[in-house]
$ cat input_36.csv   # CSV, C-alpha atoms
chain,number,residue,atom,x,y,z
A,3,MET,CA,-14.5,31.3,-48.1
A,4,ARG,CA,-11.7,33.5,-46.8
A,5,LEU,CA,-13.6,33.8,-43.5
A,6,PHE,CA,-13.7,30.1,-43.3
A,7,LEU,CA,-10.0,29.9,-43.9
A,8,VAL,CA,-9.3,32.3,-40.9
A,9,VAL,CA,-11.5,30.2,-38.6
A,10,LEU,CA,-9.8,27.0,-39.8
A,11,LEU,CA,-6.4,28.4,-39.3
A,12,LEU,CA,-7.2,29.4,-35.7
A,13,THR,CA,-8.6,25.9,-35.1
A,14,VAL,CA,-5.7,23.8,-36.4
A,15,GLY,CA,-2.8,26.1,-35.3
A,16,CYS,CA,-2.9,25.1,-31.7
A,17,ASP,CA,-0.4,23.3,-29.4
A,18,GLU,CA,-2.2,20.0,-29.6
A,19,ALA,CA,-2.4,19.8,-33.4
A,20,PRO,CA,0.6,19.3,-35.7
A,21,LEU,CA,1.3,22.2,-38.0
A,22,PHE,CA,1.3,19.9,-41.1
A,23,SER,CA,1.2,16.3,-42.0
A,24,ASP,CA,4.5,14.7,-43.0
A,25,ASP,CA,3.1,11.8,-45.0
A,26,PHE,CA,1.2,13.8,-47.7
A,27,GLU,CA,2.1,12.6,-51.2
A,28,GLY,CA,-0.5,14.2,-53.4
A,29,THR,CA,0.0,16.5,-56.3
A,30,LEU,CA,-3.0,18.7,-55.7
A,31,ASN,CA,-3.7,20.2,-52.3
A,32,ALA,CA,-7.0,22.0,-51.9
A,33,PRO,CA,-6.7,23.5,-55.4
A,34,ALA,CA,-8.6,26.8,-55.8
A,35,SER,CA,-7.5,28.6,-58.9
A,36,PHE,CA,-7.0,27.6,-62.6
A,37,GLN,CA,-5.6,30.2,-65.1
A,38,VAL,CA,-4.0,29.8,-68.5
A,39,PHE,CA,-0.9,31.8,-69.2
A,40,PRO,CA,-1.8,33.9,-72.3
A,41,GLY,CA,-0.4,32.5,-75.6
A,42,THR,CA,0.7,29.2,-74.1
A,43,ASN,CA,-0.6,25.7,-73.4
A,44,ILE,CA,0.4,26.1,-69.7
A,45,ALA,CA,-2.1,26.7,-66.9
A,46,LEU,CA,-1.4,27.8,-63.4
A,47,LEU,CA,-2.9,25.9,-60.5
A,48,SER,CA,-2.9,27.2,-56.9
A,49,ASN,CA,-2.7,24.7,-54.0
A,50,THR,CA,-4.0,26.5,-50.9
A,51,ASN,CA,-3.0,23.8,-48.4
A,52,ILE,CA,-6.2,24.4,-46.4
A,53,ASN,CA,-5.7,21.3,-44.3
A,54,LEU,CA,-2.0,22.0,-43.6
A,55,GLN,CA,-1.1,18.7,-45.2
A,56,GLU,CA,2.2,20.2,-46.4
A,57,PRO,CA,4.6,22.8,-45.0
A,58,PHE,CA,3.2,25.4,-47.4
A,59,GLY,CA,0.8,26.0,-50.3
A,60,SER,CA,2.2,25.9,-53.8
A,61,LEU,CA,2.0,26.8,-57.4
A,62,ILE,CA,2.0,24.0,-60.0
A,63,ALA,CA,1.5,23.9,-63.8
A,64,TYR,CA,-1.0,22.0,-65.9
A,65,ASP,CA,-0.4,21.1,-69.6
A,66,VAL,CA,-3.7,22.0,-71.4
A,67,ASP,CA,-2.7,19.9,-74.5
A,68,THR,CA,-1.9,16.7,-72.7
A,69,GLN,CA,-4.4,17.3,-69.8
A,70,THR,CA,-1.8,16.5,-67.1
A,71,VAL,CA,-0.6,18.1,-63.9
A,72,LEU,CA,3.1,18.7,-64.2
A,73,GLU,CA,4.3,17.6,-60.8
A,74,ASP,CA,7.9,18.5,-61.4
A,75,THR,CA,7.0,22.2,-61.6
A,76,LYS,CA,5.6,22.4,-58.1
A,77,HIS,CA,6.9,25.5,-56.3
A,78,TYR,CA,6.1,26.1,-52.6
A,79,THR,CA,4.8,29.6,-51.8
A,80,VAL,CA,2.4,30.5,-49.1
A,81,ASN,CA,-0.6,28.9,-47.4
A,82,PHE,CA,-4.2,29.9,-48.4
A,83,GLY,CA,-3.2,31.8,-51.6
A,84,ILE,CA,-6.6,31.4,-53.2
A,85,ARG,CA,-6.6,33.8,-56.2
A,86,PRO,CA,-3.1,34.6,-57.6
A,87,LEU,CA,-2.8,37.1,-60.4
A,88,ILE,CA,-0.8,36.4,-63.6
A,89,ASP,CA,0.8,39.6,-64.9
A,90,ASN,CA,2.0,38.1,-68.2
A,91,ASP,CA,3.8,41.2,-69.6
A,92,ARG,CA,5.9,41.5,-66.5
A,93,GLU,CA,6.3,37.7,-66.1
A,94,ARG,CA,5.0,38.1,-62.6
A,95,ILE,CA,2.6,36.2,-60.3
A,96,LEU,CA,1.1,38.0,-57.2
A,97,ILE,CA,-0.5,36.0,-54.4
A,98,PRO,CA,-2.6,37.6,-51.7
A,99,ASP,CA,-1.4,36.3,-48.3
A,100,LEU,CA,-3.7,35.5,-45.4
A,101,ASP,CA,-2.0,38.0,-43.2
A,102,ARG,CA,-1.4,41.5,-44.8
A,103,TYR,CA,1.0,40.9,-47.5
A,104,VAL,CA,1.0,40.2,-51.3
A,105,ARG,CA,3.8,37.8,-52.3
A,106,VAL,CA,5.5,38.4,-55.6
A,107,TYR,CA,7.0,35.7,-57.8
A,108,SER,CA,8.6,35.7,-61.3
A,109,PHE,CA,8.0,33.0,-63.9
A,110,GLN,CA,9.8,31.8,-67.0
A,111,ILE,CA,8.3,29.8,-69.9
A,112,PRO,CA,9.9,27.5,-70.9
A,113,GLY,CA,11.4,27.0,-67.5
A,114,GLU,CA,14.9,26.1,-66.4
A,115,ASP,CA,16.4,22.6,-66.7
A,116,GLY,CA,13.9,21.5,-69.2
A,117,LEU,CA,10.8,22.3,-67.1
A,118,ALA,CA,7.7,23.6,-68.8
A,119,ILE,CA,7.8,26.6,-66.4
A,120,SER,CA,9.9,27.7,-63.5
A,121,PHE,CA,9.1,30.1,-60.6
A,122,ASP,CA,11.3,32.2,-58.4
A,123,GLU,CA,10.8,34.9,-55.7
A,124,GLU,CA,11.0,38.5,-57.0
A,125,GLU,CA,12.7,40.9,-54.6
A,126,VAL,CA,10.6,43.9,-53.7
A,127,THR,CA,12.2,47.0,-52.3
A,128,PRO,CA,12.1,48.2,-49.6
A,129,ILE,CA,12.2,44.7,-48.2
A,130,ILE,CA,9.9,44.0,-45.3
A,131,SER,CA,12.4,41.8,-43.4
A,132,ASN,CA,15.3,39.5,-44.0
A,133,SER,CA,12.9,36.5,-44.1
A,134,LEU,CA,10.3,38.3,-46.3
A,135,THR,CA,11.9,39.9,-49.3
A,136,ASN,CA,9.3,39.2,-52.0
A,137,ALA,CA,6.3,41.0,-50.7
A,138,PHE,CA,4.6,44.4,-50.2
A,139,GLU,CA,2.2,45.2,-47.5
A,140,ALA,CA,-1.5,45.7,-48.1
A,141,ASP,CA,-4.3,46.2,-45.5
A,142,ASP,CA,-5.6,43.4,-43.3
A,143,VAL,CA,-6.3,40.1,-45.1
A,144,PRO,CA,-5.9,40.8,-48.8
A,145,SER,CA,-8.0,38.2,-50.7
A,146,ASP,CA,-8.2,39.2,-54.4
A,147,ILE,CA,-6.1,41.2,-56.8
A,148,ALA,CA,-6.5,42.5,-60.4
A,149,LEU,CA,-4.3,44.4,-62.9
A,150,VAL,CA,-6.0,47.5,-64.4
A,151,GLU,CA,-4.7,49.8,-67.2
A,152,THR,CA,-5.8,53.3,-66.4
A,153,GLN,CA,-5.4,56.6,-68.3
A,154,ASP,CA,-4.5,58.7,-65.3
A,155,TYR,CA,-2.5,56.3,-63.1
A,156,GLY,CA,-1.0,53.9,-65.6
A,157,ASP,CA,-1.0,50.2,-64.9
A,158,ILE,CA,-2.0,49.5,-61.3
A,159,TYR,CA,-2.8,46.5,-59.1
A,160,ILE,CA,-5.9,46.8,-57.1
A,161,VAL,CA,-5.9,44.6,-54.0
A,162,LEU,CA,-9.2,43.8,-52.2
A,163,ASN,CA,-8.8,43.5,-48.5
A,164,GLN,CA,-11.3,41.8,-46.2
A,165,LEU,CA,-10.9,44.8,-43.9
A,166,GLY,CA,-13.2,46.5,-46.4
A,167,THR,CA,-10.5,48.5,-48.3
A,168,MET,CA,-8.9,48.6,-51.7
A,169,THR,CA,-5.1,48.9,-51.8
A,170,ILE,CA,-3.7,50.6,-55.0
A,171,VAL,CA,-0.2,49.6,-56.1
A,172,ASP,CA,1.9,50.9,-59.1
A,173,ALA,CA,2.5,47.8,-61.3
A,174,ASP,CA,5.9,48.9,-62.4
A,175,SER,CA,7.5,50.1,-59.1
A,176,LEU,CA,5.3,48.0,-56.7
A,177,GLU,CA,4.9,51.2,-54.7
A,178,VAL,CA,1.8,51.3,-52.5
A,179,THR,CA,-0.3,54.5,-52.8
A,180,ASP,CA,-1.4,55.9,-49.5
A,181,LEU,CA,-5.1,56.9,-49.9
A,182,ASN,CA,-5.9,57.2,-46.2
A,183,ASP,CA,-3.6,59.7,-44.5
A,184,GLU,CA,-5.5,59.8,-41.3
A,185,ASP,CA,-5.6,56.1,-40.6
A,186,ARG,CA,-3.0,53.5,-40.2
A,187,TYR,CA,-4.4,51.7,-43.2
A,188,GLU,CA,-3.4,52.9,-46.7
A,189,GLY,CA,-6.2,51.6,-48.8
A,190,LEU,CA,-9.4,53.3,-49.9
A,191,ARG,CA,-12.3,52.6,-47.6
A,192,ILE,CA,-15.1,50.8,-49.5
A,193,THR,CA,-18.5,52.5,-48.7
A,194,SER,CA,-21.7,53.9,-50.1
A,195,ALA,CA,-24.3,56.5,-49.4
A,196,LEU,CA,-25.7,54.2,-46.7
A,197,THR,CA,-22.6,54.5,-44.6
A,198,ILE,CA,-20.5,57.3,-45.9
A,199,ASP,CA,-20.7,59.2,-42.6
A,200,GLN,CA,-19.1,56.4,-40.7
A,201,ASN,CA,-15.6,57.7,-41.1
A,202,LYS,CA,-13.9,55.3,-38.7
A,203,LYS,CA,-15.8,52.2,-39.6
A,204,TYR,CA,-15.4,49.7,-42.4
A,205,PRO,CA,-19.0,48.9,-43.7
A,206,ALA,CA,-17.7,46.5,-46.4
A,207,ARG,CA,-15.6,44.4,-43.9
A,208,GLY,CA,-15.6,40.8,-45.1
A,209,VAL,CA,-15.6,41.4,-48.9
A,210,SER,CA,-13.5,38.7,-50.3
A,211,ARG,CA,-13.8,38.6,-54.1
A,212,MET,CA,-14.2,40.9,-57.1
A,213,SER,CA,-15.3,40.4,-60.6
A,214,LYS,CA,-15.0,42.9,-63.5
A,215,ASN,CA,-17.9,43.7,-65.8
A,216,PRO,CA,-16.0,43.9,-69.1
A,217,ASP,CA,-18.7,46.1,-70.7
A,218,THR,CA,-18.5,48.9,-68.1
A,219,GLY,CA,-15.1,48.3,-66.4
A,220,LEU,CA,-16.7,48.4,-62.9
A,221,PHE,CA,-15.6,45.9,-60.3
A,222,TYR,CA,-18.2,44.1,-58.4
A,223,LEU,CA,-17.0,43.4,-54.8
A,224,LEU,CA,-18.6,40.3,-53.3
A,225,HIS,CA,-19.3,39.4,-49.6
A,226,PRO,CA,-20.1,35.8,-48.9
A,227,SER,CA,-22.4,36.6,-46.0
A,228,SER,CA,-23.8,40.1,-46.9
A,229,ASN,CA,-26.5,41.1,-49.4
A,230,PHE,CA,-24.6,44.2,-50.4
A,231,VAL,CA,-22.5,44.1,-53.6
A,232,TYR,CA,-20.2,47.1,-53.7
A,233,LEU,CA,-19.1,48.7,-57.0
A,234,PHE,CA,-15.5,50.0,-57.5
A,235,ASP,CA,-14.4,52.3,-60.3
A,236,ALA,CA,-10.7,51.5,-60.8
A,237,GLU,CA,-10.2,54.1,-63.6
A,238,HIS,CA,-10.9,56.9,-61.1
A,239,ILE,CA,-10.1,55.0,-57.9
A,240,GLU,CA,-13.4,55.7,-56.3
A,241,ASN,CA,-16.5,54.1,-54.9
A,242,GLU,CA,-19.2,54.0,-57.5
A,243,GLY,CA,-22.0,52.6,-55.3
A,244,VAL,CA,-23.6,49.5,-53.9
A,245,ILE,CA,-26.3,47.1,-55.1
A,246,SER,CA,-28.6,46.1,-52.3
A,247,PHE,CA,-30.3,42.6,-52.4
A,248,LEU,CA,-31.8,43.1,-48.9
A,249,SER,CA,-35.4,43.4,-50.2
A,250,LEU,CA,-35.1,40.2,-52.0
A,251,ALA,CA,-32.8,38.1,-49.7
A,252,GLY,CA,-33.2,39.7,-46.3
A,253,ASN,CA,-30.5,38.5,-43.8
A,254,THR,CA,-29.6,35.3,-45.7
A,255,SER,CA,-26.0,34.7,-46.7
A,256,GLY,CA,-24.8,36.6,-49.8
A,257,VAL,CA,-23.4,36.5,-53.3
A,258,ARG,CA,-20.4,34.2,-53.9
A,259,SER,CA,-19.8,34.6,-57.6
A,260,VAL,CA,-21.0,36.7,-60.6
A,261,ALA,CA,-20.7,36.3,-64.4
A,262,PHE,CA,-21.6,38.7,-67.1
A,263,ASP,CA,-22.8,38.2,-70.7
A,264,GLY,CA,-22.6,40.7,-73.6
A,265,ALA,CA,-26.3,41.5,-73.4
A,266,GLY,CA,-26.2,43.6,-70.2
A,267,ARG,CA,-27.1,40.8,-67.8
A,268,GLY,CA,-25.3,39.7,-64.6
A,269,TYR,CA,-25.7,36.2,-63.2
A,270,PHE,CA,-25.3,36.4,-59.4
A,271,ALA,CA,-24.8,33.1,-57.5
A,272,HIS,CA,-26.6,33.7,-54.2
A,273,ALA,CA,-25.8,31.2,-51.4
A,274,GLY,CA,-28.6,32.0,-49.1
A,275,LEU,CA,-31.3,31.8,-51.7
A,276,GLN,CA,-29.6,28.8,-53.4
A,277,SER,CA,-30.3,30.5,-56.7
A,278,ILE,CA,-28.9,32.3,-59.6
A,279,LEU,CA,-30.3,35.9,-59.7
A,280,VAL,CA,-30.4,37.2,-63.3
A,281,VAL,CA,-30.0,40.9,-63.1
A,282,ASP,CA,-30.2,43.7,-65.7
A,283,VAL,CA,-26.8,45.5,-65.1
A,284,SER,CA,-26.9,47.5,-68.4
A,285,GLN,CA,-27.7,50.7,-66.6
A,286,ILE,CA,-25.1,50.3,-63.8
A,287,THR,CA,-22.3,52.4,-65.3
A,288,ASP,CA,-19.8,55.0,-64.3
A,289,ASN,CA,-22.4,57.8,-64.5
A,290,GLY,CA,-20.5,60.4,-62.5
A,291,ILE,CA,-22.5,59.8,-59.3
A,292,SER,CA,-20.5,58.2,-56.5
A,293,PHE,CA,-21.7,56.2,-53.5
A,294,GLU,CA,-25.2,55.6,-55.0
A,295,VAL,CA,-27.5,52.8,-53.7
A,296,ILE,CA,-28.9,50.7,-56.5
A,297,ASP,CA,-32.0,48.5,-56.3
A,298,PRO,CA,-31.3,45.6,-58.7
A,299,VAL,CA,-33.6,44.9,-61.6
A,300,VAL,CA,-34.1,41.2,-61.3
A,301,ILE,CA,-35.1,39.6,-64.5
A,302,ASN,CA,-35.5,36.0,-63.2
A,303,THR,CA,-34.4,33.7,-60.5
A,304,ILE,CA,-33.1,30.2,-61.2
A,305,PRO,CA,-33.5,27.8,-58.2
A,306,LEU,CA,-30.5,25.5,-57.8
A,307,PHE,CA,-31.4,23.3,-54.8
A,308,GLY,CA,-27.9,23.6,-53.5
A,309,ILE,CA,-25.4,26.2,-52.4
A,310,PRO,CA,-23.5,27.7,-55.4
A,311,ASN,CA,-19.8,28.4,-55.2
A,312,GLU,CA,-19.0,29.7,-58.7
A,313,ILE,CA,-20.7,30.5,-62.0
A,314,ILE,CA,-18.9,30.9,-65.3
A,315,LEU,CA,-20.1,31.2,-69.0
A,316,ASN,CA,-18.9,29.4,-72.1
A,317,ASP,CA,-17.3,31.2,-75.0
A,318,ALA,CA,-20.6,31.7,-76.8
A,319,GLN,CA,-22.2,33.1,-73.6
A,320,ASP,CA,-25.2,30.9,-74.2
A,321,THR,CA,-24.5,28.4,-71.4
A,322,ALA,CA,-23.6,28.8,-67.7
A,323,PHE,CA,-22.0,26.3,-65.4
A,324,VAL,CA,-22.4,26.4,-61.7
A,325,SER,CA,-20.6,24.4,-59.0
A,326,LEU,CA,-22.5,23.4,-55.8
A,327,GLN,CA,-20.0,22.9,-53.1
A,328,ASP,CA,-22.4,21.3,-50.5
A,329,SER,CA,-23.8,18.6,-52.8
A,330,ASN,CA,-20.7,18.0,-55.0
A,331,GLU,CA,-22.6,18.8,-58.2
A,332,VAL,CA,-22.0,20.8,-61.3
A,333,LEU,CA,-24.9,22.3,-63.2
A,334,GLN,CA,-25.5,23.4,-66.8
A,335,ILE,CA,-27.9,26.2,-67.5
A,336,ASP,CA,-29.3,27.3,-70.9
A,337,LEU,CA,-29.2,31.1,-70.9
A,338,ALA,CA,-31.9,31.4,-73.6
A,339,THR,CA,-34.5,29.6,-71.5
A,340,LEU,CA,-32.9,30.1,-68.0
A,341,LEU,CA,-33.5,26.4,-67.3
A,342,ILE,CA,-31.1,23.8,-65.9
A,343,THR,CA,-30.4,21.4,-68.7
A,344,ASN,CA,-27.9,19.1,-67.0
A,345,ARG,CA,-26.6,18.3,-63.5
A,346,ILE,CA,-23.9,15.9,-62.5
A,347,THR,CA,-22.8,14.6,-59.1
A,348,LEU,CA,-19.0,14.2,-59.3
A,349,SER,CA,-17.9,10.6,-58.9
A,350,GLU,CA,-14.8,11.4,-56.8
A,351,GLY,CA,-14.6,15.2,-56.5
A,352,ARG,CA,-15.6,16.7,-53.2
A,353,GLY,CA,-16.3,20.4,-52.7
A,354,PRO,CA,-16.2,21.6,-56.4
A,355,GLY,CA,-15.2,25.2,-56.3
A,356,SER,CA,-13.4,27.0,-59.2
A,357,LEU,CA,-14.6,26.1,-62.7
A,358,PHE,CA,-12.8,26.7,-65.9
A,359,PHE,CA,-14.1,26.5,-69.5
A,360,GLU,CA,-11.3,25.8,-72.0
A,361,THR,CA,-11.5,28.3,-74.8
A,362,GLY,CA,-11.9,26.7,-78.2
A,363,SER,CA,-12.8,23.3,-76.8
A,364,SER,CA,-15.8,21.6,-75.3
A,365,GLU,CA,-14.1,20.8,-72.0
A,366,LEU,CA,-15.0,22.0,-68.5
A,367,ILE,CA,-12.7,21.7,-65.5
A,368,SER,CA,-13.7,21.6,-61.9
A,369,LEU,CA,-11.2,22.1,-59.1
A,370,ASP,CA,-12.4,19.9,-56.2
A,371,PHE,CA,-11.3,21.7,-53.0
A,372,PHE,CA,-11.8,19.0,-50.4
A,373,SER,CA,-10.8,15.9,-52.4
A,374,ASN,CA,-7.6,17.3,-53.9
A,375,THR,CA,-8.7,16.4,-57.4
A,376,LEU,CA,-9.4,18.0,-60.8
A,377,THR,CA,-12.4,16.7,-62.7
A,378,ARG,CA,-12.5,17.0,-66.5
A,379,MET,CA,-16.0,17.0,-68.1
A,380,ASP,CA,-17.5,17.3,-71.5
A,381,SER,CA,-19.3,20.6,-71.4
A,382,THR,CA,-22.0,19.5,-73.8
A,383,THR,CA,-23.1,16.3,-72.0
A,384,LEU,CA,-21.7,17.2,-68.6
A,385,SER,CA,-20.2,13.7,-68.4
A,386,GLU,CA,-16.9,13.0,-66.7
A,387,ILE,CA,-13.9,12.4,-68.8
A,388,GLU,CA,-11.2,12.0,-66.2
A,389,VAL,CA,-10.4,12.7,-62.5
A,390,LEU,CA,-6.8,13.9,-61.8
A,391,PRO,CA,-4.4,13.2,-60.3

$ encode --input "input_36.csv" --output "structure tokens"
Amino acid sequence: MRLFLVVLLLTVGCDEAPLFSDDFEGTLNAPASFQVFPGTNIALLSNTNINLQEPFGSLIAYDVDTQTVLEDTKHYTVNFGIRPLIDNDRERILIPDLDRYVRVYSFQIPGEDGLAISFDEEEVTPIISNSLTNAFEADDVPSDIALVETQDYGDIYIVLNQLGTMTIVDADSLEVTDLNDEDRYEGLRITSALTIDQNKKYPARGVSRMSKNPDTGLFYLLHPSSNFVYLFDAEHIENEGVISFLSLAGNTSGVRSVAFDGAGRGYFAHAGLQSILVVDVSQITDNGISFEVIDPVVINTIPLFGIPNEIILNDAQDTAFVSLQDSNEVLQIDLATLLITNRITLSEGRGPGSLFFETGSSELISLDFFSNTLTRMDSTTLSEIEVLP
């Protein structure tokens, strides 16, 4: 997805095309992220502004209780901020920028002037420039970010860069750790035993997303057009290894999303195979061996007949939901039988991307990237409840 954003930006940012539309009146604008602020009924939506319909992308709040988008909370930030991170303890939101920065904002709940939430820029020192005071510099094209509590390094942010590096940042001081003294980049080069001798190359170039296995603490680094899934050990800030799907998938495009259950299984949404690969990940742990190459133990393959964009599990971890961006469908999978039990073609939504299962309820939410909509569904029947806005 991030590679697509880069190509699109180069396409529309030319002399003949306007930088943005001046007649856009929508509330949602290529929404790509839905996260609930812990302990509240407020969720954070990220508008990426992929079509440059507004001057900038934005953050906007959603009331989980009333199921409404709170238009008066809209706060303009930066274009193409796909996966912001909420640091609830520090009342901070961090947004990976398309260029090489991570933008930093503060939030307040309840917000000022009667708003449910308010946002503001948080000054970061040293400042980068007079016009950019709320950012720190990562490596080229940061695309995902996570907060990790470590024993040796305290609380850190790990920033995944499409260059193929991981930037490490102290969460309290926002100071970037230089892990690469001999290069102009500061991040740790992501590699494995297959490419460890390529000192000046970036074999993981193009990685754009990471998912944490809660049982092992390892981060799985995903590449949308590669069949290598890199493993990162955030506790020790080191490369753990790489899972190779080459023998199964060849040169087809790669894994876009992964979800984990509590039984040692990972569910990999593979775009090229148009399938969910059910993999035994119970033995993939921090075993003290770095850079190892792992052949996956594939338990089963679930054909989807469409290109998956995201997979998530419900609270009970007995059901999976998958969005198919090319066919505008959402699927329901029974994890006991590994069979598709329901599929729905969205009535208005186009390009369903991020999915969200509301804890403690039976509601499923789809953010529809290309139609600027949010679709609410009953997660049991997979029937539509409402399309917003």

$ residues_around --input "input_36.csv" --residues "Ser35 (chain A)" --least-positions-apart "4" --cutoff "6 Å" --atoms "only C-alpha atoms" --output "list in words"
Leu47, Ser48 and Arg85 of chain A

$ residues_around --input "input_36.csv" --residues "Asn311 (chain A)" --least-positions-apart "5" --cutoff "7 Å" --atoms "all atoms listed in the file" --output "PyMOL selection string"
chain A and resi 258-259+325-327+355

$ atom_distance --input "input_36.csv" --atom1 "CA of Ile160 (chain A)" --atom2 "CA of Phe82 (chain A)"
19.1 Å

$ closest_residue --input "input_36.csv" --among "A:Leu315, A:Ile158, A:Leu279, A:Ile129" --to "Thr179 (chain A)" --atoms "all atoms listed in the file"
A:Ile158

$ atom_distance --input "input_36.csv" --atom1 "CA of Ser210 (chain A)" --atom2 "CA of Phe371 (chain A)"
17.4 Å

$ atom_distance --input "input_36.csv" --atom1 "CA of Gly290 (chain A)" --atom2 "CA of Ser246 (chain A)"
19.3 Å

$ residues_around --input "input_36.csv" --residues "Tyr187 (chain A)" --least-positions-apart "6" --cutoff "12 Å" --atoms "only C-alpha atoms" --output "list in words"
Arg102, Glu139, Ala140, Asp141, Asp142, Val143, Asn163, Leu165, Gly166, Thr167, Met168, Thr169, Ile170, Val178, Thr179, Asp180, Leu181, Lys202, Lys203 and Tyr204 of chain A
